[in-house]
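Here is the structure we will look at.
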Amino acid sequence: MSACPRCGTEVSNPNKTWSMIGRANKTDKEIELTLGFFMCPECEKRFLSVLEKQIEKGTFKGVVEEIKGIERGFTQTLDDLREKLEKLKNERAELLEEIEELKRTGETKASTLEEEIASLREEVDSLKEMLDDNDE
Ligand SMILES: [Zn+2]
C-alpha cells in the first residue's frame, strides 16, 4: 500500500515490482530494496515506492572472509595435530627402539649370568666331590 504523491490516494497493488541491491553508506552493509511501480487510479500519476528494505547481515565479501578465516584456523589446527602426531610417532619409534635395545642388553646379561651360575655350580660340585673324598 502506497500513497500517491500527487493526490494522496492509497494505491494497494503495484503494476510492477523488482528488487535491487544497494550499499548503505559507511556501513558496508548491503541493502536489498524491493521497489514497486505504481499508477494512481485517480490522477494517473506514476510513481515509485520502496515496498521493502532488507539489510543483509554482513556483506557477501565479509562472509567469504569469515569462512576463509575459519578455514585458516582449521588448517592451522590440522597442521598442529599432524605435527603432534608426527612427534608422537617419532617418540614411539624411539621408545620401541630403546625397549629393543634394553631387551637385547637384558638377554645378554641373562645369558652371562647363566654362564656364571653354571661355572659356579661346577665349582661347587667339584668342591663337594673333594669334601666327599676327604670324608672317606
Ligand atoms: Zn493520484
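Numbering starts fresh at 1 for the residues of each chain in the C-alpha cells, the chains themselves are lettered A, B, ... in the order given, and ligands are numbered from 1 as they appear.
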Report task. Using only C-alpha atoms and all ligand atoms, determine which residues fall within 7 Å of ligand 1, then list them as a list in words. Result -> Cys4, Pro5, Arg6, Cys7, Gly8, Thr9, Cys40, Pro41, Glu42, Cys43, Glu44 and Lys45 of chain A
Using only C-alpha atoms, which protein or nucleic acid residues come within 10 Å of Trp18 (chain A)? Drop anything in the same chain fewer than 2 positions from it, and give the result as a PDB file with N, CA and C atoms, in the first residue's frame.
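Below is the file that was written, out_12.pdb:
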ATOM      1  N   LYS A  16       4.097  -3.213 -11.060  1.00  0.00           N
ATOM      2  CA  LYS A  16       5.309  -3.987 -11.255  1.00  0.00           C
ATOM      3  C   LYS A  16       6.165  -3.870 -10.002  1.00  0.00           C
ATOM      4  N   MET A  20      16.446  -4.648  -5.980  1.00  0.00           N
ATOM      5  CA  MET A  20      17.791  -4.223  -6.321  1.00  0.00           C
ATOM      6  C   MET A  20      18.632  -4.201  -5.056  1.00  0.00           C
ATOM      7  N   LEU A  33      16.540  -3.790  -1.735  1.00  0.00           N
ATOM      8  CA  LEU A  33      15.328  -2.983  -1.813  1.00  0.00           C
ATOM      9  C   LEU A  33      14.331  -3.659  -2.742  1.00  0.00           C
ATOM     10  N   THR A  34      13.087  -3.676  -2.299  1.00  0.00           N
ATOM     11  CA  THR A  34      12.043  -4.129  -3.201  1.00  0.00           C
ATOM     12  C   THR A  34      11.240  -2.891  -3.579  1.00  0.00           C
ATOM     13  N   LEU A  35      11.246  -2.602  -4.867  1.00  0.00           N
ATOM     14  CA  LEU A  35      10.579  -1.396  -5.355  1.00  0.00           C
ATOM     15  C   LEU A  35       9.281  -1.758  -6.064  1.00  0.00           C
ATOM     16  N   GLY A  36       8.344  -0.859  -5.940  1.00  0.00           N
ATOM     17  CA  GLY A  36       7.070  -1.063  -6.635  1.00  0.00           C
ATOM     18  C   GLY A  36       6.826   0.103  -7.576  1.00  0.00           C
ATOM     19  N   PHE A  37       6.327  -0.227  -8.747  1.00  0.00           N
ATOM     20  CA  PHE A  37       5.974   0.813  -9.711  1.00  0.00           C
ATOM     21  C   PHE A  37       4.453   0.930  -9.698  1.00  0.00           C
ATOM     22  N   VAL A  50       9.258   2.381  -2.295  1.00  0.00           N
ATOM     23  CA  VAL A  50      10.024   1.273  -1.702  1.00  0.00           C
ATOM     24  C   VAL A  50       9.057   0.426  -0.886  1.00  0.00           C
ATOM     25  N   LEU A  51       8.903  -0.805  -1.283  1.00  0.00           N
ATOM     26  CA  LEU A  51       7.989  -1.702  -0.592  1.00  0.00           C
ATOM     27  C   LEU A  51       8.669  -2.394   0.580  1.00  0.00           C
TER      28      LEU A  51
END
Query raised in the report: Can you list, as a PyMOL selection string, every residue of chain A that DSSP puts in strand (DSSP E or B)?
Result: chain A and resi 2-3+10-11+16-23+30-39+46-55
Query - Residue with smallest distance to Arg46 (chain A) - pool A:Ser2, A:Gly106, A:Glu114, A:Ile67, counting only C-alpha atoms - result: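 When distances to Arg46 (chain A) are compared using only C-alpha atoms, the smallest one comes from A:Ser2.
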